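Coordinates from model_11.txt are shown below (compact mmCIF, C-alpha atoms and all ligand atoms).
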```txt
# COMPACT_ATOMS: atom_id res chain seq x y z
CA MET A 1 15.36 -140.17 -6.71
CA LEU A 2 12.44 -140.63 -9.14
CA ARG A 3 14.52 -143.20 -11.00
CA GLU A 4 15.27 -145.05 -7.79
CA TRP A 5 11.63 -145.05 -6.68
CA SER A 6 10.58 -146.33 -10.11
CA HIS A 7 12.54 -149.59 -9.78
CA PRO A 8 9.64 -151.86 -8.71
CA TYR A 9 7.34 -150.71 -11.54
CA VAL A 10 7.18 -152.12 -15.06
CA CYS A 11 4.94 -149.73 -17.04
CA ILE A 12 5.49 -146.07 -16.26
CA ALA A 13 3.93 -142.90 -17.68
CA ASP A 14 5.61 -139.51 -17.44
CA ILE A 15 3.02 -136.75 -17.83
CA GLY A 16 4.29 -133.43 -19.16
CA ALA A 17 7.61 -135.02 -20.05
CA HIS A 18 8.96 -131.85 -21.74
CA HIS A 19 12.14 -133.00 -23.54
CA GLY A 20 11.86 -136.53 -22.16
CA ARG A 21 14.97 -136.65 -19.98
CA LEU A 22 13.33 -138.72 -17.25
CA ALA A 23 11.42 -140.87 -19.78
CA ARG A 24 14.66 -141.67 -21.61
CA ALA A 25 16.44 -142.55 -18.34
CA LEU A 26 13.55 -144.79 -17.25
CA ALA A 27 13.62 -146.60 -20.59
CA GLU A 28 17.38 -147.09 -20.18
CA ASP A 29 16.63 -148.62 -16.76
CA GLY A 30 14.46 -151.21 -18.55
CA HIS A 31 10.94 -149.87 -17.89
CA ASP A 32 8.17 -149.68 -20.50
CA VAL A 33 7.65 -145.93 -20.72
CA VAL A 34 4.95 -143.67 -22.14
CA ALA A 35 5.73 -139.95 -22.22
CA THR A 36 3.10 -137.27 -22.84
CA GLU A 37 2.97 -133.60 -23.67
CA LEU A 38 0.03 -131.21 -23.67
CA SER A 39 0.35 -129.08 -26.79
CA SER A 40 0.99 -130.21 -30.33
CA GLY A 41 4.26 -128.19 -30.42
CA GLY A 42 5.40 -129.73 -27.11
CA PHE A 43 4.47 -133.18 -28.36
CA GLN A 44 6.46 -132.75 -31.59
CA GLU A 45 9.51 -131.60 -29.64
CA LEU A 46 9.17 -134.50 -27.22
CA ALA A 47 8.79 -136.99 -30.08
CA ALA A 48 11.90 -135.57 -31.77
CA HIS A 49 13.94 -135.85 -28.55
CA LEU A 50 12.84 -139.45 -27.98
CA ALA A 51 12.96 -140.59 -31.61
CA GLU A 52 15.86 -143.00 -31.06
CA THR A 53 14.39 -144.52 -27.89
CA PRO A 54 11.71 -147.17 -27.21
CA VAL A 55 9.58 -144.61 -25.31
CA ALA A 56 6.00 -144.34 -26.62
CA VAL A 57 4.96 -140.70 -27.03
CA ARG A 58 1.39 -139.42 -26.81
CA GLN A 59 -0.21 -135.99 -26.92
CA GLY A 60 -2.96 -134.80 -24.59
CA ASP A 61 -4.07 -133.23 -21.34
CA GLY A 62 -3.13 -135.01 -18.13
CA LEU A 63 -4.34 -138.61 -17.99
CA GLU A 64 -6.47 -138.24 -21.13
CA PRO A 65 -3.98 -139.91 -23.54
CA LEU A 66 -3.36 -142.75 -21.05
CA LEU A 67 -6.88 -143.98 -20.32
CA ASP A 68 -6.31 -147.37 -21.97
CA ALA A 69 -2.64 -147.81 -20.96
CA PRO A 70 -1.63 -150.67 -18.61
CA LEU A 71 0.20 -148.54 -16.05
CA ASP A 72 1.91 -149.35 -12.76
CA LEU A 73 3.24 -145.86 -12.04
CA VAL A 74 2.40 -142.36 -13.24
CA VAL A 75 4.97 -139.62 -12.70
CA ILE A 76 3.74 -136.02 -12.55
CA SER A 77 6.66 -133.70 -12.04
CA GLY A 78 7.57 -130.08 -12.66
CA MET A 79 4.06 -128.56 -12.51
CA GLY A 80 2.17 -126.62 -9.87
CA SER A 81 0.13 -128.53 -7.32
CA ASP A 82 -3.20 -127.15 -8.68
CA THR A 83 -2.48 -128.59 -12.13
CA MET A 84 -1.48 -131.89 -10.52
CA LEU A 85 -4.70 -132.07 -8.52
CA GLU A 86 -6.75 -131.35 -11.65
CA ILE A 87 -4.94 -134.19 -13.41
CA LEU A 88 -5.42 -136.55 -10.44
CA ALA A 89 -9.16 -135.78 -10.35
CA ASN A 90 -9.44 -137.90 -13.53
CA ARG A 91 -7.64 -140.92 -12.08
CA HIS A 92 -10.77 -143.11 -11.88
CA ARG A 93 -11.07 -142.94 -15.68
CA LEU A 94 -7.84 -144.90 -16.11
CA ALA A 95 -8.21 -148.57 -17.00
CA SER A 96 -5.34 -149.37 -14.62
CA ARG A 97 -4.79 -148.38 -10.97
CA PRO A 98 -1.23 -147.05 -10.89
CA HIS A 99 0.64 -145.45 -8.06
CA PHE A 100 1.45 -141.76 -8.52
CA ALA A 101 4.84 -140.09 -8.01
CA LEU A 102 4.22 -136.37 -7.46
CA GLN A 103 6.92 -133.70 -7.55
CA PRO A 104 5.40 -130.20 -7.75
CA VAL A 105 7.50 -127.08 -8.35
CA GLN A 106 5.24 -125.09 -6.07
CA GLY A 107 2.32 -125.69 -3.70
CA LEU A 108 3.92 -128.17 -1.27
CA PHE A 109 1.46 -127.33 1.52
CA ARG A 110 -1.56 -127.47 -0.79
CA LEU A 111 -0.62 -130.91 -2.09
CA HIS A 112 0.21 -132.21 1.40
CA ARG A 113 -3.22 -131.04 2.56
CA ALA A 114 -5.02 -132.67 -0.39
CA ILE A 115 -3.22 -135.97 0.23
CA ALA A 116 -4.00 -135.81 3.97
CA VAL A 117 -7.69 -134.86 3.50
CA GLN A 118 -8.26 -137.67 1.01
CA GLY A 119 -6.30 -140.06 3.18
CA TRP A 120 -4.19 -141.42 0.32
CA PRO A 121 -1.60 -143.81 1.71
CA ILE A 122 1.86 -142.26 1.35
CA LEU A 123 4.19 -145.04 0.25
CA LYS A 124 7.29 -142.83 0.25
CA ALA A 125 8.00 -139.14 0.83
CA ASP A 126 11.22 -137.17 0.63
CA LEU A 127 12.63 -133.71 -0.07
CA VAL A 128 15.03 -133.18 -2.95
CA LYS A 129 17.50 -130.27 -2.96
CA TYR A 130 18.18 -128.66 -6.33
CA ARG A 131 19.95 -125.33 -6.77
CA ARG A 132 19.43 -124.33 -3.14
CA ARG A 133 15.67 -125.04 -3.28
CA TYR A 134 13.81 -127.97 -1.77
CA TYR A 135 11.25 -129.92 -3.77
CA PRO A 136 8.84 -132.44 -2.25
CA LEU A 137 8.37 -135.87 -3.75
CA TRP A 138 5.53 -138.20 -2.78
CA LEU A 139 4.67 -141.70 -3.88
CA VAL A 140 0.97 -142.27 -3.18
CA ASP A 141 -1.78 -144.79 -3.73
CA ALA A 142 -4.59 -142.47 -4.80
CA TYR A 143 -7.10 -145.35 -5.10
CA LYS A 144 -7.15 -146.23 -1.40
CA GLU A 145 -8.96 -143.15 -0.16
CA ARG A 146 -9.58 -142.97 3.56
CA PRO A 147 -11.00 -139.47 4.04
CA GLN A 148 -10.27 -138.39 7.58
CA ALA A 149 -10.96 -135.40 9.79
CA LEU A 150 -7.46 -134.44 10.92
CA PRO A 151 -6.53 -131.55 13.21
CA GLU A 152 -5.55 -128.34 11.38
CA ALA A 153 -1.91 -128.72 12.48
CA ALA A 154 -1.68 -132.14 10.78
CA LEU A 155 -3.35 -130.80 7.62
CA PHE A 156 -0.73 -128.06 7.52
CA LEU A 157 2.54 -129.70 8.63
CA PRO A 158 3.98 -132.20 6.11
CA GLN A 159 5.35 -134.51 8.78
CA GLU A 160 5.71 -137.29 6.22
CA PHE A 161 9.06 -135.60 5.43
CA ARG A 162 10.39 -136.04 8.97
CA SER A 163 12.59 -138.89 7.82
CA SER A 164 14.11 -136.78 5.02
CA ALA A 165 17.72 -135.66 5.49
CA HIS A 166 16.60 -132.19 4.35
CA TYR A 167 13.61 -131.75 6.65
CA GLY A 168 15.33 -129.58 9.28
CA ASP A 169 16.93 -127.31 6.67
CA TRP A 170 13.69 -127.06 4.74
CA LEU A 171 11.82 -126.06 7.95
CA LYS A 172 14.43 -123.37 8.65
CA ASP A 173 14.15 -122.03 5.09
CA GLU A 174 10.38 -122.02 5.28
CA THR A 175 10.27 -120.17 8.61
CA SER A 176 12.77 -117.52 7.49
CA ARG A 177 10.95 -117.06 4.15
CA ARG A 178 7.69 -116.45 6.02
CA GLN A 179 9.25 -113.93 8.39
CA VAL A 180 9.10 -111.24 5.67
CA GLN A 181 5.37 -111.72 5.08
CA ARG A 182 2.76 -109.45 6.62
CA PRO A 183 1.36 -111.40 9.59
CA THR A 184 -2.25 -112.55 9.69
CA ASP A 185 -3.91 -114.77 12.34
CA ARG A 186 -3.47 -117.73 10.02
CA SER A 187 0.18 -117.03 9.13
CA GLN A 188 1.04 -116.57 12.81
CA GLN A 189 -0.58 -119.89 13.62
CA GLU A 190 1.32 -121.58 10.79
CA MET A 191 4.59 -120.03 11.96
CA ALA A 192 3.92 -121.35 15.47
CA TRP A 193 3.40 -124.88 14.06
CA LEU A 194 6.62 -124.64 11.99
CA LYS A 195 8.62 -123.42 15.00
CA SER A 196 7.24 -126.11 17.28
CA GLU A 197 8.18 -128.69 14.63
CA LEU A 198 11.71 -127.25 14.53
CA ARG A 199 11.94 -127.51 18.33
CA HIS A 200 10.72 -131.10 18.10
CA LEU A 201 13.67 -131.91 15.82
CA GLU A 202 16.26 -130.40 18.17
CA PRO A 203 18.17 -133.03 20.14
C1 LIG B 1 8.35 -127.49 -16.33
S1 LIG B 1 7.98 -128.79 -17.37
C2 LIG B 1 8.48 -130.15 -16.41
C3 LIG B 1 9.05 -131.22 -17.24
C4 LIG B 1 9.41 -132.50 -16.50
N1 LIG B 1 8.20 -133.23 -16.13
C5 LIG B 1 10.27 -132.24 -15.30
O1 LIG B 1 9.83 -132.47 -14.18
O2 LIG B 1 11.40 -131.77 -15.48
C6 LIG B 1 6.22 -128.95 -17.29
C7 LIG B 1 5.70 -129.65 -18.52
O3 LIG B 1 4.37 -130.10 -18.27
C8 LIG B 1 3.59 -129.88 -19.42
N2 LIG B 1 2.18 -129.82 -18.97
C9 LIG B 1 1.60 -128.84 -18.25
N3 LIG B 1 0.31 -129.13 -18.00
C10 LIG B 1 0.09 -130.34 -18.58
C11 LIG B 1 -1.06 -131.18 -18.70
N4 LIG B 1 -2.23 -130.84 -18.17
N5 LIG B 1 -0.94 -132.35 -19.37
C12 LIG B 1 0.24 -132.71 -19.93
N6 LIG B 1 1.36 -131.96 -19.85
C13 LIG B 1 1.28 -130.78 -19.20
C14 LIG B 1 4.13 -128.61 -20.02
O4 LIG B 1 3.85 -128.53 -21.39
C15 LIG B 1 5.64 -128.74 -19.72
O5 LIG B 1 6.34 -129.33 -20.77
```

Can you give me the file's structure in the form of structure tokens?
Amino acid sequence: MLREWSHPYVCIADIGAHHGRLARALAEDGHDVVATELSSGGFQELAAHLAETPVAVRQGDGLEPLLDAPLDLVVISGMGSDTMLEILANRHRLASRPHFALQPVQGLFRLHRAIAVQGWPILKADLVKYRRRYYPLWLVDAYKERPQALPEAALFLPQEFRSSAHYGDWLKDETSRRQVQRPTDRSQQEMAWLKSELRHLEP
């Protein structure tokens, strides 16, 4: 899906590219790609994996190695939402104003809330199923902030995924996963919101 969403963009950065699978695929699709890794060991591995490709490889933390790059899209995938938000906090230091594709491995609710609170326009949102788990994917414009005071239910429920084919199944998974947790006032409220969302989906 990341490849498909990348189509309209020319210059793309993949932060924390690991072995560069996505970066390589994006280069094959004809994009100008920069791939980064945090540590010097990670960077050397990445560079070795991408040696035969046109992908530019840089080492550094988050957006740091990309400050001068002319970017249209930045992909941050495969990290926790806290790390992603730390990286995004530096976005105003970039010379360009790219869109961000965000695919965290954990912290869906935290990232949804941060996007909602800051009022970043969501250009696309979907859920991806991989090995029986669901992963969120957002495409946002993090430079058009419209901070808004939303009701708690809207800050919690990621209704931007309503149009995803996986939304109903994800809601069911999420409610059954939470059933084993010790209830608190907050968790009971969240469960009520999830269940009412499930009812809303029923024909
Ligand atoms: C689990 S891998 C995900 C790789 C790939 N992006 C994907 O989605 O499959 C996470 C990668 O992000 C890198 N990483 C973590 N924090 C980073 C940061 N602040 N800046 C750059 N890379 C980072 C790690 O070194 C690791 O290679």

TODO: Within 7 Å of stretch 149-166 of chain A, counting only C-alpha atoms, which residues show up once you throw out same-chain ones fewer than 3 positions away? Write them as number ranges by chain, please.
DONE: A: 109, 112-113, 116, 125-127, 169-170, 193

- For A:Val140, which of A:Arg182, A:Arg97, A:Lys172, A:Arg110 is the closest residue, counting all atoms listed in the file?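 Checking each candidate against A:Val140, we get A:Arg97 as the closest.
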
Would you compute an axis-aligned box for ligand LIG 1 (chain B), covering every atom listed for it in the file with 8 Å of margin on each side, and report centre and edge lengths in Å to one decimal as lines of an AutoDock Vina configuration file?
```
center_x = 4.6
center_y = -130.4
center_z = -17.8
size_x = 29.6
size_y = 21.7
size_z = 23.2
```

Got a sec: who's within 10 Å of A:Ala17, counting only C-alpha atoms, leaving out chain neighbours fewer than 2 positions off, as a list in words?
Ala13, Asp14, Ile15, His19, Gly20, Arg21, Leu22, Ala23, Arg24, Val34, Ala35, Thr36, Glu37, Leu38, Gly42, Phe43, Leu46, Val57, Val75, Ile76, Ser77 and Gly78 of chain A

- Nearest candidate to ligand LIG 1 (chain B) (options A:Ser196, A:Thr175, A:Thr184, A:Gln44; using only C-alpha atoms and all ligand atoms):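 Looking at the shortest contact to ligand LIG 1 (chain B), the residue is A:Gln44.
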
Using Å and a single decimal, report how far atom CA of A:Leu137 sits from atom CA of A:Ser40.
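Interatomic distance here is 28.2 Å.
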
Separation of atom CA of A:Gln148 from atom CA of A:Gly119, in Å and rounded to one decimal: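 If I compute the distance from atom CA of A:Gln148 to atom CA of A:Gly119, I get 6.2 Å.
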
Separating atom CA of A:Arg133 from atom C6 of ligand LIG 1 (chain B), to the nearest tenth of an Å, is a gap of 17.3 Å

request  = Identify, on the basis of only C-alpha atoms, every residue whose closest approach to A:Ile87 does not exceed 12 Å; exclude the query and any residue fewer than 6 positions from it along the same chain; express the result as an MDAnalysis selection string.
outcome  = chainID A and resid 15:16 38 60:66 74:77 79:81 93:94 100 102 142

Of the listed residues A:Ala95, A:Leu85, A:Ile12, A:Leu201, that which approaches ligand LIG 1 (chain B) most closely, counting only C-alpha atoms and all ligand atoms:
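That would be A:Leu85, the residue with the smallest distance to ligand LIG 1 (chain B).
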
Please rebuild stretch 145-156 of chain A with N, CA and C atoms and give the result as a tab-separated table (two decimals), in the frame of the given file.
```tsv
chain	number	residue	atom	x	y	z
A	145	GLU	N	-8.58	-144.35	-0.93
A	145	GLU	CA	-8.96	-143.15	-0.16
A	145	GLU	C	-9.49	-143.54	1.20
A	146	ARG	N	-9.02	-142.81	2.21
A	146	ARG	CA	-9.58	-142.97	3.56
A	146	ARG	C	-9.78	-141.57	4.12
A	147	PRO	N	-10.81	-140.84	3.61
A	147	PRO	CA	-11.00	-139.47	4.04
A	147	PRO	C	-11.06	-139.39	5.55
A	148	GLN	N	-10.32	-138.45	6.13
A	148	GLN	CA	-10.27	-138.39	7.58
A	148	GLN	C	-10.33	-136.94	8.03
A	149	ALA	N	-10.90	-136.74	9.21
A	149	ALA	CA	-10.96	-135.40	9.79
A	149	ALA	C	-9.74	-135.24	10.68
A	150	LEU	N	-8.71	-134.61	10.16
A	150	LEU	CA	-7.46	-134.44	10.92
A	150	LEU	C	-7.44	-133.05	11.56
A	151	PRO	N	-6.69	-132.89	12.65
A	151	PRO	CA	-6.53	-131.55	13.21
A	151	PRO	C	-5.84	-130.62	12.22
A	152	GLU	N	-6.12	-129.32	12.32
A	152	GLU	CA	-5.55	-128.34	11.38
A	152	GLU	C	-4.03	-128.43	11.32
A	153	ALA	N	-3.38	-128.67	12.46
A	153	ALA	CA	-1.91	-128.72	12.48
A	153	ALA	C	-1.41	-129.86	11.57
A	154	ALA	N	-2.10	-130.99	11.60
A	154	ALA	CA	-1.68	-132.14	10.78
A	154	ALA	C	-1.98	-131.89	9.30
A	155	LEU	N	-3.05	-131.13	9.02
A	155	LEU	CA	-3.35	-130.80	7.62
A	155	LEU	C	-2.33	-129.82	7.06
A	156	PHE	N	-1.71	-129.06	7.97
A	156	PHE	CA	-0.73	-128.06	7.52
A	156	PHE	C	0.69	-128.63	7.45
```
